[in-house]
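Novice: Shown below is the structure under consideration.
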Amino acid sequence: MKERIKGVFTKKKIFHFLKMALFVVALSLILLSLLGTVAHATGLVDDTINAENLYSKYPLSNYQLDFYVDNSWSWLPWNWLDGIGKSVQYGLYCITNFVWTISLYLSNATGYVVQEAYKLDFINDMADSIGKSIQTLAGVTQNGFSSSGFYVGFLLLIILVVGLYVAYTGLIKRETSKALHAVINFVVVFVLSASFIAYAPDYIKKINEFSSDISTASLDLGTKIMLPNSDSEGKDSVDLIRDSLFSIQVEQPWLLLQFGNSNAEEIGTDRVEALVSASPEDEDGKTREEVVKTEIEDNDNNNLTIPQVVNRLGMVFFLLFFNLGITIFVFLLTGMMLFSQILFIIFAMFLPISFLLSMIPSYESMAKQAIVRVFNTIMTRAGITLIVTVAFSISSMFYNISTDYPFFMVAFLQIVCFAGIYMKLGDLMSMFSLNAGDSQSMGRRIFRRP
């Protein structure tokens with residue numbers, strides 16, 4: 001058993017896993033930066049305020065950790081030693097808050113990437129560029145043939161090959177049906193492919209609209225099936241997913257660090273609301289400080305003062321570990337969603353080559369295979385969207401049972417959920433009779449999975 005575990009967690013496999021994670025994160029960030037999406041807030045992370053959603057109800061700064069000690073008499077000589085001890089405790093708190101801030105920003109970035117992965121449709125934004133690239137490769141435009149391109153360079157050669165095949169098959173072998181079939185195939189493929197390429201930008205937009213409609217339907221259907229909550233009716237599906245992710249990665253850990261309990265109802269919603277709604281920037285932090293003092297004095301909350309400083313320091317590293325696990329696999333799954341769009345662009349741009357080769361006798365199936373591959377990519381995009389939606393919905397189910405289980409178990413189930421679905425994405429896609437091999441091949445090469 002030990003040997004099997006060692007075989008699974010070898011340095012080489014861990015290195016490949018990290019490569020894959022970094023690749024997907026970099027890909028997501030590059031795509032977000034290239035597309036120039038409209039920002040409602042500036043800064044390191046998205047901090048847009050919208051009271052309708054849990055993740056945007058308050059600024060991220062409101063979720064910082066708090067610490068308070070009374071230093072009013074620390075200047076007296078007999079209190080100097082005690083003051084040094086308080087300074088050390090404050091230093092430990094600063095480390096704790098620093099690590100928590102990293103986890104907080106990372107979690108917020110994860111939710112933002114998920115939101116943009118669902119909303120990004122760079123195929124539609126790049127439809128004209130994709131169409132012009134196809135026309136450039138083929139050498140066919142609405143005005144006719146251009147001076148360069150595969151059609152211009154190889155069409156005469158293909159006509160010669162078809163002519164020789166027809167002459168040999170029809171005149172020498174006396175198989176007129178095959179010869180006629182070759183001529184008809186050449187004419188039909190040439191006319192249809194040239195017509196498609198000449199108006200490629202418009203056709204790409206139409207095909208992408210079909211793909212987007214399927215993906216949107218998959219998102220709405222998956223959310224309605226897995227989250228039949230009356231409170232969520234009429235709310236955007238992506239906001240529901242991001243709210244759930246925020247609850248798991250930010251709200252519950254914050255409650256655990258601030259109050260020692262991840263259940264807001266058991267703590268008291270008034271206490272939680274009073275603290276989280278107080279901005280650390282109001283009156284140079286005095287408003288928040290008064291709320292913290294009240295919490296310590298009236299509710300005996302030792303998490304906000306000296307007794308729990310060391311415990312919170314250890315706990316915050318533990319929470320960062322789980323947040324990293326969730327973030328990595330969420331990035332991988334959302335990266336697959338984005339990569340399915342990239343696959344569509346790649347396959348669409350190489351359609352002219354497949355059309356050209358399919359004009360050659362005995363290679364007629366290449367055009368069909370290329371079209372099927374493009375259509376399959378569209379279905380793959382919809383299938384991945386549905387599976388990722390179900391993954392977030394199952395994650396929400398685990399969050400809903402958090403009142404009956406310790407937070408450790410809920411966080412562990414989150415990692416198992418996202419990691420398991422990513423590892424078995426190919427098998428899950430096969431249930432839809434879709435080919436996930438194109439999306440998974442890059443991951444398999446990096447992971448060296450067979």
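How things are named: the first chain in the structure tokens is A, the next is B, and so on; residues count from 1 in each chain; ligands count from 1 in the order shown.
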Hey, what's within 10 Å of Gly139 (chain A) if we count only C-alpha atoms and toss same-chain stuff fewer than 6 positions away? As a list in words, please?
Specialist: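 What passes the distance filter is Lys132, Ser133, Phe145, Ser146, Ser147, Ser148, Gly149, Phe150, Tyr151, Val152, Gly153, Ala194, Ile197, Ala198 and Pro352 of chain A.
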Novice: Have a look at A:Leu351, A:Val410, A:Ile384, A:Met429 and name the one nearest to Gly131 (chain A); count only C-alpha atoms.
Specialist: A:Leu351
Novice: Can you pull out every residue within 12 Å of Lys206 (chain A), counting only C-alpha atoms, but drop anything in the same chain fewer than 4 positions away, and send it as a list in words?
Specialist: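 So, after excluding close chain neighbours, the residues are Ile123, Asn124, Ala127, Asp128, Gly131, Phe196, Tyr199, Ala200, Pro201, Asp202, Phe210, Ser211, Ser212 and Asp213 of chain A.
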Novice: Could you build a table of the residues in region 190-273 of chain A lying no more than 12 Å from region 284-292 of chain A, giving for each the nearest pair of atoms and their separation in Å rounded to one decimal place, using only C-alpha atoms, ordered by chain and ascending residue number, as a Markdown table?
Specialist:
| residue | atom | partner | partner_atom | distance |
| --- | --- | --- | --- | --- |
| A:Gln258 | CA | A:Val292 | CA | 10.0 |
| A:Phe259 | CA | A:Val292 | CA | 11.1 |
| A:Asp270 | CA | A:Val291 | CA | 11.7 |
| A:Arg271 | CA | A:Val291 | CA | 9.2 |
| A:Val272 | CA | A:Val291 | CA | 10.4 |
| A:Glu273 | CA | A:Val291 | CA | 10.6 |
